[in-house]
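> Got a structure for you, written out below as structure tokens; questions coming shortly.
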Amino acid sequence: MVKKVYDSAGAALDGMVRDGMTIAAGGFGLCGIPETLIDALVRSGVRDLTIVSNNAGVDDFGLGRLLRTRQVRKMISSYVGENREFERQYLAGDLEIEFSPQGTLAERMRAGGAGIPAFFTRTGVGTQIAIGKPTADFDGELYVMERGIVADLAIVKAWKADPYGNLVYRKSARNFNPMAATCGRVTIAEVEQLVDPGAIDPDHVHTPGVFVQRLIRATCNEKRIEQRTTRSAHAA
């Protein structure tokens with residue numbers, strides 16, 4: 001069996017990163033994000049990255065750490081509203097952004113992983129999202145063409161894995177991670193639990209190990225709340 005388990009995030013990234021590459025990152029908000037691998041990317045010093053992710057993290061956490069160190073050149077995202085550093089860099093012209101509707105972004109990653117170069121969707125028709133993109137009429141409705149995404153590297157976070165790379169996600173962390181895991185030419189997964197072969201019921205596998213080339217144990221498992229909203233106990 002090919003060795004997939006590495007001792008550290010740095011070791012797993014060794015030989016995998018280069019300036020100007022495209023990285024797909026799993027996660028939804030701050031849930032299910034590969035914190036350990038993101039921190040290792042910061043330490044690697046790799047620059048001019050294009051990051052494909054539903055969101056850009058928050059200031060100084062998640063992908064926000066890569067933004068803080070100016071290692072990101074472009075973001076392909078659907079929601080970036082929680083990161084002030086992102087806003088500053090974008091308004092200053094230091095950061096490119098390609099907005100993609102949330103469902104479209106998920107399908108672009110899934111399509112790239114499935115070998116589908118492009119697909120048509122009604123989402124975005126008649127908006128700035130569709131500017132410059134091919135359109136076609138199907139059954140009297142106008143559709144816009146979106147390209148599938150194939151990343152040089154995908155980094156994902158899973159709850160559980162076996163040494164073969166079979167992954168199980170937990171609750172809301174099963175969001176963009178499965179799609180991101182399939183669209184990378186190389187996929188590295190960080191996991192909270194590494195279990196013995198056969199310990200995962202095949203029916204419970206969310207991402208088959210064929211999509212995962214390298215594995216590490218997560219050392220960062222902070223459960224942050226993206227927006228904390230409270231109300232008085234006496235509120236009506």
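In the structure tokens, each chain is lettered A, B, ... as it comes, each chain's residues begin at 1, and ligands are numbered from 1 in order of appearance.
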Determine which residues of region 14-169 of chain A DSSP labels as alpha helix (DSSP H) from the backbone of this structure, then write them out as a PyMOL selection string.

chain A and resi 35-44+64-68+84-91+102-113

> Residues of region 92-231 of chain A classed as strand (DSSP E or B) by DSSP on the backbone are to be reported as number ranges by chain.

A: 96-99, 118-121, 135-138, 141-147, 151-161, 167-168, 184-194, 207, 214-217

> Excluding Thr135 (chain A) and residues on its chain fewer than 5 positions from it, collect all residues at most 9 Å away from it, counting only C-alpha atoms, and give them as a ChimeraX atom specification.

/A:120,125,130,142-145

> Provide the CA of Ala161 (chain A) to CA of Val191 (chain A) distance in Å, to one decimal place.

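Calculated distance between CA of Ala161 (chain A) and CA of Val191 (chain A) is 6.5 Å.
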
> Mind giving me the straight-line distance from CA of Pro178 (chain A) to CA of Gly45 (chain A) in Å, one decimal?

26.9 Å

> For region 77-88 of chain A, find every residue with an atom within 6 Å (counting only C-alpha atoms), except residues of its own chain fewer than 3 positions away, and show them as a list in words.

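My list of contacting residues is Ser53, Asn54, Asn55, Ala56, Val58, Asp59, Leu91, Phe99, Ser100, Pro101 and Gln102 of chain A.
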
> Go ahead and write the residues just picked, all heavy atoms, as a compact mmCIF listing (two decimals), in the first residue's frame.


```
# COMPACT_ATOMS: atom_id res chain seq x y z
N SER A 53 -12.42 28.70 -2.56
CA SER A 53 -13.04 28.37 -1.27
C SER A 53 -14.36 29.11 -1.17
O SER A 53 -14.49 30.24 -1.68
CB SER A 53 -12.13 28.79 -0.11
OG SER A 53 -12.77 28.60 1.13
N ASN A 54 -15.32 28.50 -0.50
CA ASN A 54 -16.61 29.16 -0.33
C ASN A 54 -16.46 30.54 0.31
O ASN A 54 -17.14 31.48 -0.05
CB ASN A 54 -17.53 28.29 0.52
CG ASN A 54 -18.87 28.97 0.78
OD1 ASN A 54 -19.60 29.25 -0.15
ND2 ASN A 54 -19.17 29.25 2.03
N ASN A 55 -15.54 30.67 1.24
CA ASN A 55 -15.34 31.95 1.91
C ASN A 55 -13.85 32.17 2.17
O ASN A 55 -13.03 31.30 1.88
CB ASN A 55 -16.12 32.00 3.22
CG ASN A 55 -15.55 31.04 4.25
OD1 ASN A 55 -15.56 29.83 4.05
ND2 ASN A 55 -15.02 31.58 5.32
N ALA A 56 -13.53 33.33 2.71
CA ALA A 56 -12.13 33.71 2.90
C ALA A 56 -11.71 33.72 4.36
O ALA A 56 -10.73 34.37 4.73
CB ALA A 56 -11.88 35.08 2.27
N VAL A 58 -11.83 34.58 8.42
CA VAL A 58 -11.98 35.87 9.10
C VAL A 58 -10.58 36.40 9.37
O VAL A 58 -9.58 35.74 9.12
CB VAL A 58 -12.77 35.72 10.42
CG1 VAL A 58 -14.20 35.29 10.16
CG2 VAL A 58 -12.08 34.73 11.37
N ASP A 59 -10.51 37.63 9.86
CA ASP A 59 -9.21 38.22 10.13
C ASP A 59 -8.39 37.33 11.06
O ASP A 59 -8.82 36.99 12.15
CB ASP A 59 -9.39 39.61 10.75
CG ASP A 59 -9.94 40.61 9.74
OD1 ASP A 59 -9.14 41.22 9.03
OD2 ASP A 59 -11.17 40.73 9.66
N LEU A 91 -10.18 46.48 -2.13
CA LEU A 91 -10.42 47.88 -2.46
C LEU A 91 -9.14 48.61 -2.86
O LEU A 91 -9.17 49.57 -3.63
CB LEU A 91 -11.08 48.60 -1.27
CG LEU A 91 -12.50 48.13 -0.94
CD1 LEU A 91 -13.03 48.86 0.29
CD2 LEU A 91 -13.44 48.35 -2.13
N PHE A 99 -16.23 36.14 -8.10
CA PHE A 99 -17.39 35.68 -7.37
C PHE A 99 -18.09 34.56 -8.13
O PHE A 99 -18.24 34.62 -9.35
CB PHE A 99 -18.37 36.83 -7.13
CG PHE A 99 -17.99 37.74 -6.01
CD1 PHE A 99 -17.69 39.07 -6.26
CD2 PHE A 99 -17.91 37.27 -4.71
CE1 PHE A 99 -17.32 39.92 -5.23
CE2 PHE A 99 -17.54 38.11 -3.67
CZ PHE A 99 -17.25 39.45 -3.94
N SER A 100 -18.52 33.56 -7.38
CA SER A 100 -19.24 32.43 -7.97
C SER A 100 -20.38 32.08 -7.02
O SER A 100 -20.16 31.91 -5.82
CB SER A 100 -18.31 31.23 -8.14
OG SER A 100 -18.97 30.16 -8.79
N PRO A 101 -21.63 32.02 -7.51
CA PRO A 101 -22.74 31.64 -6.63
C PRO A 101 -22.43 30.33 -5.90
O PRO A 101 -21.76 29.45 -6.44
CB PRO A 101 -23.92 31.48 -7.60
CG PRO A 101 -23.57 32.37 -8.75
CD PRO A 101 -22.08 32.28 -8.89
N GLN A 102 -22.94 30.21 -4.69
CA GLN A 102 -22.54 29.12 -3.82
C GLN A 102 -22.76 27.74 -4.45
O GLN A 102 -21.85 26.89 -4.47
CB GLN A 102 -23.28 29.22 -2.49
CG GLN A 102 -22.68 28.39 -1.40
CD GLN A 102 -23.23 28.80 -0.05
OE1 GLN A 102 -24.34 28.39 0.32
NE2 GLN A 102 -22.50 29.60 0.69
```
